[in-house]
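Q: This is the structure I have questions about; it appears just below.
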Amino acid sequence: MKNIIKQWSEMVIPAGSEAAHLPSVLATFKDIADSTEIDRLGNGIVRKNGVGPHVALVAHIDEPGIMVNHIEENGFLRFLTIGSLEAKQLIGQHVRFTNQTRGIIGCEMKDANTSLSVDDLYIDLGVDSAEEAYHLAPIGISAVLDVPFAELGEHRLSGRALDNRAGCVAAADAFRQLADEGRQVTLVFSAQSVVGARGAKTAAFALQPDLVLVIDSAPAGDMPKAKRMDLRLGHGPALKIMDGTVITPLRVKNVLQDAAETLGINIQHEVWPGGQSDAGQIHLSQAGLMVGGLSIPTRYTGQLSQVIDVRDVESLVKWAVAAANQWKA
Amino acid sequence: MLLKKLTEAMGPSGYENEIRNVIRSEVTLSHNHIFTDVLGNLFVQQNQDTQGPHIMIDAHMDEIGLMIVHVEENGLLRFRPIGGIDPRVLVSKPVVIGDSKHFGVIGSKPIHLQKPEERRQPLGWDQLYIDIGASSKEDALSVVQPGDVAVFATTYGEMGERAAKAKSFDDRVGCALLVETMQKEWQLRLSGVFAVQEEVGLRGATAAAYRLKPDIAIALEGTVCFDVVDAPAHNQATQLGKGPALTLQDGLTLPDRRFTEFMIATAEKYNIPWQYRRVKGGSNDYGAIQKAREGVIGGAISVPVRYIHAPAQIISLEDYQAALQLLTAILTEIQEGRWHS
């Protein structure tokens, strides 16, 4: 599983650029899916017909990044952020564009006391003219912050976009198992989540499943002087009790709790009042949908590099399958 | 003169009656089917039984404005903004209030009486009031009621090299483009929507897109233009006179790149000037339409507006003409089957 998570975390999918990358991802489900599609917002949807209530597994596949908005005469690029990234995080970072062009972020000379904004930053592509730059990275193209993947210790992984590619890997695994068992199941790689759960809104409207399980990262709090958050790495996946967009319906919470107990796996409880996830938009779709959240405790969410424990992901897959199987229409 | 008629009509969010009537009279033609919904959106449709993609073109009728919330004992009016208004632009500006267009001036303490520290502080909402020349609360209440709305008293005028000033180019410039478009007869399944309440949260467009279920949507907007002194190129949202602006990314949208490239290719094919809207802040009705139901492909065509959301706004009439050419070219390309999603 570590290797698969590595491969997925290295995909370059800034929000808004999902549709370009999804065909190769969806192709890997040809052996098992009845159909695959990319919808208008860029959601990747994999369907398997079967018996029982229709369960959808949703994991956002996008990540924050940057978008070129101006090319200087001498070939330097200016950019906007996609999602919430701050200027101070970006200085000196490498970027990788969706066409694989690479560059490095520099910063204008600033007075020590003045505040820094993304407008003070630029990307150096190693070229000397606007024409060369335009060729490599035209206005409108997006990039991600190219932080390397690494294994830490025995069970931990660090790298870019582990939030939420680890969730994508878990959702894909759970989907395959449920499909093998003949269940009615849909897998959604949701688009534009980091800019506000935009893909989840339209996907939920279209699919209207009986139960939606959202698989995503939630911040861990087990670091020195960390913001208080009662999630620890390696202590199991987390049952989302609430975040800033949803309070998990009691019936879903109970099924998730029972499934974990039946399996005998450890789970934690995520209470994240300021959190954003796809769950809220899904819960409020049309006449309302049953939604639950299964979260991977993740250190440094919102930073360029996150850390997760692969055992939490492995547990989460079993848990999601068990919960989907316990759900009664 | 269409732009004059549209910009001078009153219509703060929620109070679009006057502007809607002006627009309705412009688009009441035999080839248009016209109706309104409960929010007050004005729909103008052609060829709803035709095969092919259903195209929604949106422009919002409403404008930013002020609402009277309280009348002081001495007859001065307290007010609150409707939509995003910087209170620093308000002092000493003339306004008109309510259906009767009662004249007023936004007042504050004269410079002679201000303490040095007061001169350094911008005036907040609580330090501003509208003076309608009333001598008492009773006198004021005989012509103005709490809940009445006000707009800036700026008239339309052309100036300089093909520029124009008015109060509400955001988004009467989009309304004018849509009126001119719907005055023509298309061979397309076309729905023009003059939307309400954009300035308070894209409310009209949300309901309109839900009703119409379009396949393609284009929002026509007047957008931020900051190409003046001291703005570095990458901070200039748009530049006046450089043509209509296409969105890279805004506060609510990462537009579908394929449709953006289709619009760019069309502009190039017809030799129409265009530019990117290069900043992330702000949004338009497409932000709501894109996420309606199962999602809608499309984008926005924006006319640069200097001093947007302020009493006197400036556009380039060349940009207006180029925006109209671009919209016409895009609809022609779709009509001839050259858009493939």
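Just remember, in the structure tokens the first chain shown is A, the second B, etc., residues are 1-based per chain, and ligands are 1-based in the order shown.
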Considering only C-alpha atoms, give me a table of residues in range 135-247 of chain B that are at most 12 Å from range 134-151 of chain A, with the closest atom pair and distance in Å for each, as a tab-separated table.

A:
```
residue	atom	partner	partner_atom	distance
B:His234	CA	A:Ile139	CA	11.2
B:Leu246	CA	A:Gly140	CA	10.6
B:Thr247	CA	A:Gly140	CA	9.3
```

Q: Just the selected residues (N, CA and C atoms), exported as an mmCIF file, in the first residue's frame, please.

A:
```cif
data_model
loop_
_atom_site.group_PDB
_atom_site.id
_atom_site.type_symbol
_atom_site.label_atom_id
_atom_site.label_comp_id
_atom_site.auth_asym_id
_atom_site.auth_seq_id
_atom_site.Cartn_x
_atom_site.Cartn_y
_atom_site.Cartn_z
ATOM 1 N N HIS B 234 0.848 42.386 -13.026
ATOM 2 C CA HIS B 234 0.158 41.179 -12.588
ATOM 3 C C HIS B 234 -0.917 41.452 -11.550
ATOM 4 N N LEU B 246 -11.700 37.410 -19.958
ATOM 5 C CA LEU B 246 -12.095 36.030 -19.682
ATOM 6 C C LEU B 246 -11.435 35.597 -18.378
ATOM 7 N N THR B 247 -12.190 34.879 -17.551
ATOM 8 C CA THR B 247 -11.770 34.570 -16.186
ATOM 9 C C THR B 247 -10.738 33.439 -16.148
#
```

Q: Sorted by chain and rising residue number, which residues of chain B lie within 7 Å of chain A, and what are their closest atom pairs and distances in Å to one decimal, counting only C-alpha atoms, as CSV?

A:
```
residue,atom,partner,partner_atom,distance
B:His234,CA,A:His70,CA,5.5
B:Leu248,CA,A:Gly140,CA,5.9
B:Leu254,CA,A:Gly16,CA,5.6
B:Arg278,CA,A:Asn69,CA,5.5
B:Lys280,CA,A:Leu80,CA,6.8
B:Lys291,CA,A:Thr202,CA,6.1
B:Arg293,CA,A:Thr202,CA,5.8
B:Glu294,CA,A:Thr202,CA,4.5
B:Gly295,CA,A:Thr202,CA,5.5
B:Val296,CA,A:Arg40,CA,6.4
B:Ile297,CA,A:Arg40,CA,6.1
```

Q: Let's have the selection written as a PDB file, in the first residue's frame, with N, CA, C and O atoms.

A:
```pdb
ATOM      1  N   HIS B 234       0.848  42.386 -13.026  1.00  0.00           N
ATOM      2  CA  HIS B 234       0.158  41.179 -12.588  1.00  0.00           C
ATOM      3  C   HIS B 234      -0.917  41.452 -11.550  1.00  0.00           C
ATOM      4  O   HIS B 234      -1.666  40.558 -11.170  1.00  0.00           O
ATOM      5  N   LEU B 248      -9.627  33.674 -15.438  1.00  0.00           N
ATOM      6  CA  LEU B 248      -8.679  32.595 -15.142  1.00  0.00           C
ATOM      7  C   LEU B 248      -9.190  31.796 -13.948  1.00  0.00           C
ATOM      8  O   LEU B 248      -9.203  30.582 -13.948  1.00  0.00           O
ATOM      9  N   LEU B 254     -13.350  27.987 -10.810  1.00  0.00           N
ATOM     10  CA  LEU B 254     -12.248  27.596 -11.674  1.00  0.00           C
ATOM     11  C   LEU B 254     -12.943  27.175 -12.968  1.00  0.00           C
ATOM     12  O   LEU B 254     -13.426  26.055 -13.066  1.00  0.00           O
ATOM     13  N   ARG B 278      -7.187  38.826 -14.450  1.00  0.00           N
ATOM     14  CA  ARG B 278      -6.014  38.199 -13.859  1.00  0.00           C
ATOM     15  C   ARG B 278      -6.005  38.084 -12.347  1.00  0.00           C
ATOM     16  O   ARG B 278      -5.015  37.658 -11.768  1.00  0.00           O
ATOM     17  N   LYS B 280      -7.936  36.970  -8.512  1.00  0.00           N
ATOM     18  CA  LYS B 280      -8.748  35.900  -7.962  1.00  0.00           C
ATOM     19  C   LYS B 280      -9.970  36.452  -7.222  1.00  0.00           C
ATOM     20  O   LYS B 280     -10.978  35.775  -7.104  1.00  0.00           O
ATOM     21  N   LYS B 291     -22.442  25.434 -10.578  1.00  0.00           N
ATOM     22  CA  LYS B 291     -22.696  24.396  -9.590  1.00  0.00           C
ATOM     23  C   LYS B 291     -24.172  24.038  -9.464  1.00  0.00           C
ATOM     24  O   LYS B 291     -24.575  23.327  -8.564  1.00  0.00           O
ATOM     25  N   ARG B 293     -27.504  22.076 -10.077  1.00  0.00           N
ATOM     26  CA  ARG B 293     -27.852  20.680 -10.403  1.00  0.00           C
ATOM     27  C   ARG B 293     -26.601  19.830 -10.633  1.00  0.00           C
ATOM     28  O   ARG B 293     -25.761  19.719  -9.760  1.00  0.00           O
ATOM     29  N   GLU B 294     -26.494  19.236 -11.858  1.00  0.00           N
ATOM     30  CA  GLU B 294     -25.362  18.341 -12.107  1.00  0.00           C
ATOM     31  C   GLU B 294     -24.150  19.087 -12.639  1.00  0.00           C
ATOM     32  O   GLU B 294     -23.167  18.471 -13.063  1.00  0.00           O
ATOM     33  N   GLY B 295     -24.203  20.401 -12.657  1.00  0.00           N
ATOM     34  CA  GLY B 295     -23.086  21.200 -13.126  1.00  0.00           C
ATOM     35  C   GLY B 295     -23.325  21.709 -14.535  1.00  0.00           C
ATOM     36  O   GLY B 295     -23.986  21.060 -15.330  1.00  0.00           O
ATOM     37  N   VAL B 296     -22.822  22.906 -14.814  1.00  0.00           N
ATOM     38  CA  VAL B 296     -23.044  23.552 -16.110  1.00  0.00           C
ATOM     39  C   VAL B 296     -21.710  24.066 -16.645  1.00  0.00           C
ATOM     40  O   VAL B 296     -20.983  24.774 -15.950  1.00  0.00           O
ATOM     41  N   ILE B 297     -21.424  23.700 -17.880  1.00  0.00           N
ATOM     42  CA  ILE B 297     -20.203  24.194 -18.533  1.00  0.00           C
ATOM     43  C   ILE B 297     -20.417  25.629 -18.968  1.00  0.00           C
ATOM     44  O   ILE B 297     -21.529  26.011 -19.340  1.00  0.00           O
TER      45      ILE B 297
END
```

Q: Can you tell me, as an MDAnalysis selection string, which residues in range 275-337 of chain B count as strand (DSSP E) by DSSP?

A: chainID B and resid 275:277 297:306 313:316

Q: Can you tell me which residues surround range 281-289 of chain B at a distance of at most 6 Å, considering only C-alpha atoms, apart from same-chain residues fewer than 6 positions away, and format the answer as a list in words?

A: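 Using only C-alpha atoms, the neighbours found are Leu202, Ala205, Thr206, Ala209, Ala219, Asp250, Gly251, Leu252 and Thr253 of chain B.
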
Q: Compile the contact shell of range 263-269 of chain B as number ranges by chain: residues with an atom at most 9 Å away, counting only C-alpha atoms, same-chain residues fewer than 2 positions apart removed.

A: B: 246, 258-261, 271-274, 299, 325-327, 329-330, 333

Q: Among range 18-265 of chain A, which ones does DSSP place in helix (DSSP H, G or I), written as a VMD selection string?

A: chain A and resid 18 to 27 87 to 90 118 to 120 130 to 136 162 to 180 198 to 207 250 to 263

Q: Have a look at CA of Arg251 in chain A and CA of Ile308 in chain A and let me know their distance in Å, one decimal.

A: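 Computing it gives 28.6 Å between the two atoms.
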
Q: Could you list, as number ranges by chain, every residue within 12 Å of Ala27 in chain A, counting only C-alpha atoms and ignoring same-chain residues fewer than 2 positions away?

A: A: 21-25, 29-38, 44-46

Q: Keeping only N, CA and C atoms, write those residues as a PDB file, in the first residue's frame.

A:
```
ATOM      1  N   HIS A  21      -6.178  14.684 -15.877  1.00  0.00           N
ATOM      2  CA  HIS A  21      -5.458  13.555 -15.285  1.00  0.00           C
ATOM      3  C   HIS A  21      -6.342  12.330 -15.083  1.00  0.00           C
ATOM      4  N   LEU A  22      -7.650  12.551 -15.005  1.00  0.00           N
ATOM      5  CA  LEU A  22      -8.548  11.453 -14.623  1.00  0.00           C
ATOM      6  C   LEU A  22      -8.621  10.284 -15.608  1.00  0.00           C
ATOM      7  N   PRO A  23      -8.525  10.507 -16.945  1.00  0.00           N
ATOM      8  CA  PRO A  23      -8.661   9.344 -17.835  1.00  0.00           C
ATOM      9  C   PRO A  23      -7.710   8.198 -17.483  1.00  0.00           C
ATOM     10  N   SER A  24      -6.463   8.521 -17.143  1.00  0.00           N
ATOM     11  CA  SER A  24      -5.524   7.439 -16.812  1.00  0.00           C
ATOM     12  C   SER A  24      -5.900   6.785 -15.473  1.00  0.00           C
ATOM     13  N   VAL A  25      -6.433   7.566 -14.551  1.00  0.00           N
ATOM     14  CA  VAL A  25      -6.880   6.986 -13.273  1.00  0.00           C
ATOM     15  C   VAL A  25      -8.088   6.074 -13.502  1.00  0.00           C
ATOM     16  N   PHE A  29      -9.814   1.133 -13.661  1.00  0.00           N
ATOM     17  CA  PHE A  29     -11.010   0.457 -13.146  1.00  0.00           C
ATOM     18  C   PHE A  29     -11.774  -0.291 -14.243  1.00  0.00           C
ATOM     19  N   LYS A  30     -11.197  -0.317 -15.447  1.00  0.00           N
ATOM     20  CA  LYS A  30     -11.864  -0.965 -16.594  1.00  0.00           C
ATOM     21  C   LYS A  30     -12.223  -2.419 -16.291  1.00  0.00           C
ATOM     22  N   ASP A  31     -11.351  -3.109 -15.527  1.00  0.00           N
ATOM     23  CA  ASP A  31     -11.563  -4.537 -15.260  1.00  0.00           C
ATOM     24  C   ASP A  31     -12.794  -4.799 -14.398  1.00  0.00           C
ATOM     25  N   ILE A  32     -13.202  -3.827 -13.597  1.00  0.00           N
ATOM     26  CA  ILE A  32     -14.242  -4.107 -12.615  1.00  0.00           C
ATOM     27  C   ILE A  32     -15.484  -3.229 -12.751  1.00  0.00           C
ATOM     28  N   ALA A  33     -15.331  -2.036 -13.363  1.00  0.00           N
ATOM     29  CA  ALA A  33     -16.446  -1.079 -13.377  1.00  0.00           C
ATOM     30  C   ALA A  33     -17.418  -1.376 -14.504  1.00  0.00           C
ATOM     31  N   ASP A  34     -18.687  -1.009 -14.287  1.00  0.00           N
ATOM     32  CA  ASP A  34     -19.657  -1.052 -15.386  1.00  0.00           C
ATOM     33  C   ASP A  34     -19.524   0.175 -16.263  1.00  0.00           C
ATOM     34  N   SER A  35     -19.176   1.320 -15.648  1.00  0.00           N
ATOM     35  CA  SER A  35     -18.978   2.530 -16.448  1.00  0.00           C
ATOM     36  C   SER A  35     -18.108   3.512 -15.672  1.00  0.00           C
ATOM     37  N   THR A  36     -17.429   4.353 -16.421  1.00  0.00           N
ATOM     38  CA  THR A  36     -16.683   5.443 -15.797  1.00  0.00           C
ATOM     39  C   THR A  36     -16.998   6.722 -16.569  1.00  0.00           C
ATOM     40  N   GLU A  37     -16.951   7.857 -15.880  1.00  0.00           N
ATOM     41  CA  GLU A  37     -17.162   9.128 -16.579  1.00  0.00           C
ATOM     42  C   GLU A  37     -16.484  10.275 -15.833  1.00  0.00           C
ATOM     43  N   ILE A  38     -16.268  11.344 -16.561  1.00  0.00           N
ATOM     44  CA  ILE A  38     -15.802  12.595 -15.956  1.00  0.00           C
ATOM     45  C   ILE A  38     -16.915  13.606 -16.170  1.00  0.00           C
ATOM     46  N   GLY A  44     -14.399  12.450 -11.171  1.00  0.00           N
ATOM     47  CA  GLY A  44     -14.233  11.142 -11.797  1.00  0.00           C
ATOM     48  C   GLY A  44     -15.184  10.169 -11.126  1.00  0.00           C
ATOM     49  N   ILE A  45     -16.051   9.532 -11.901  1.00  0.00           N
ATOM     50  CA  ILE A  45     -17.104   8.687 -11.325  1.00  0.00           C
ATOM     51  C   ILE A  45     -16.994   7.273 -11.890  1.00  0.00           C
ATOM     52  N   VAL A  46     -16.925   6.283 -10.980  1.00  0.00           N
ATOM     53  CA  VAL A  46     -16.793   4.878 -11.358  1.00  0.00           C
ATOM     54  C   VAL A  46     -18.003   4.135 -10.798  1.00  0.00           C
TER      55      VAL A  46
END
```

Q: CA of Pro244 in chain B and CA of Ala322 in chain B, how far apart in Å?

A: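 Result for CA of Ala322 in chain B versus CA of Pro244 in chain B: 6.5 Å, one decimal.
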
Q: Show me, as an MDAnalysis selection string, the residues that have an atom within 6 Å of range 121-130 of chain A when counting only C-alpha atoms, minus same-chain residues fewer than 2 positions from it.

A: chainID A and resid 73:78 103:107 118:119 132:134

Q: Give me the residues near range 310-315 of chain A as an NGL selection string, where near means some atom within 12 Å (using only C-alpha atoms) and where sequence neighbours in that chain fewer than 3 positions away do not count.

A: :A and (1-6 or 151-158 or 162-174 or 215-218 or 231-239 or 259-260 or 263-268 or 294-298 or 307 or 318-322)

Q: Expressed in Å to a single decimal, how great is the separation between CA of Val144 in chain B and CA of Leu77 in chain B?

A: 8.8 Å
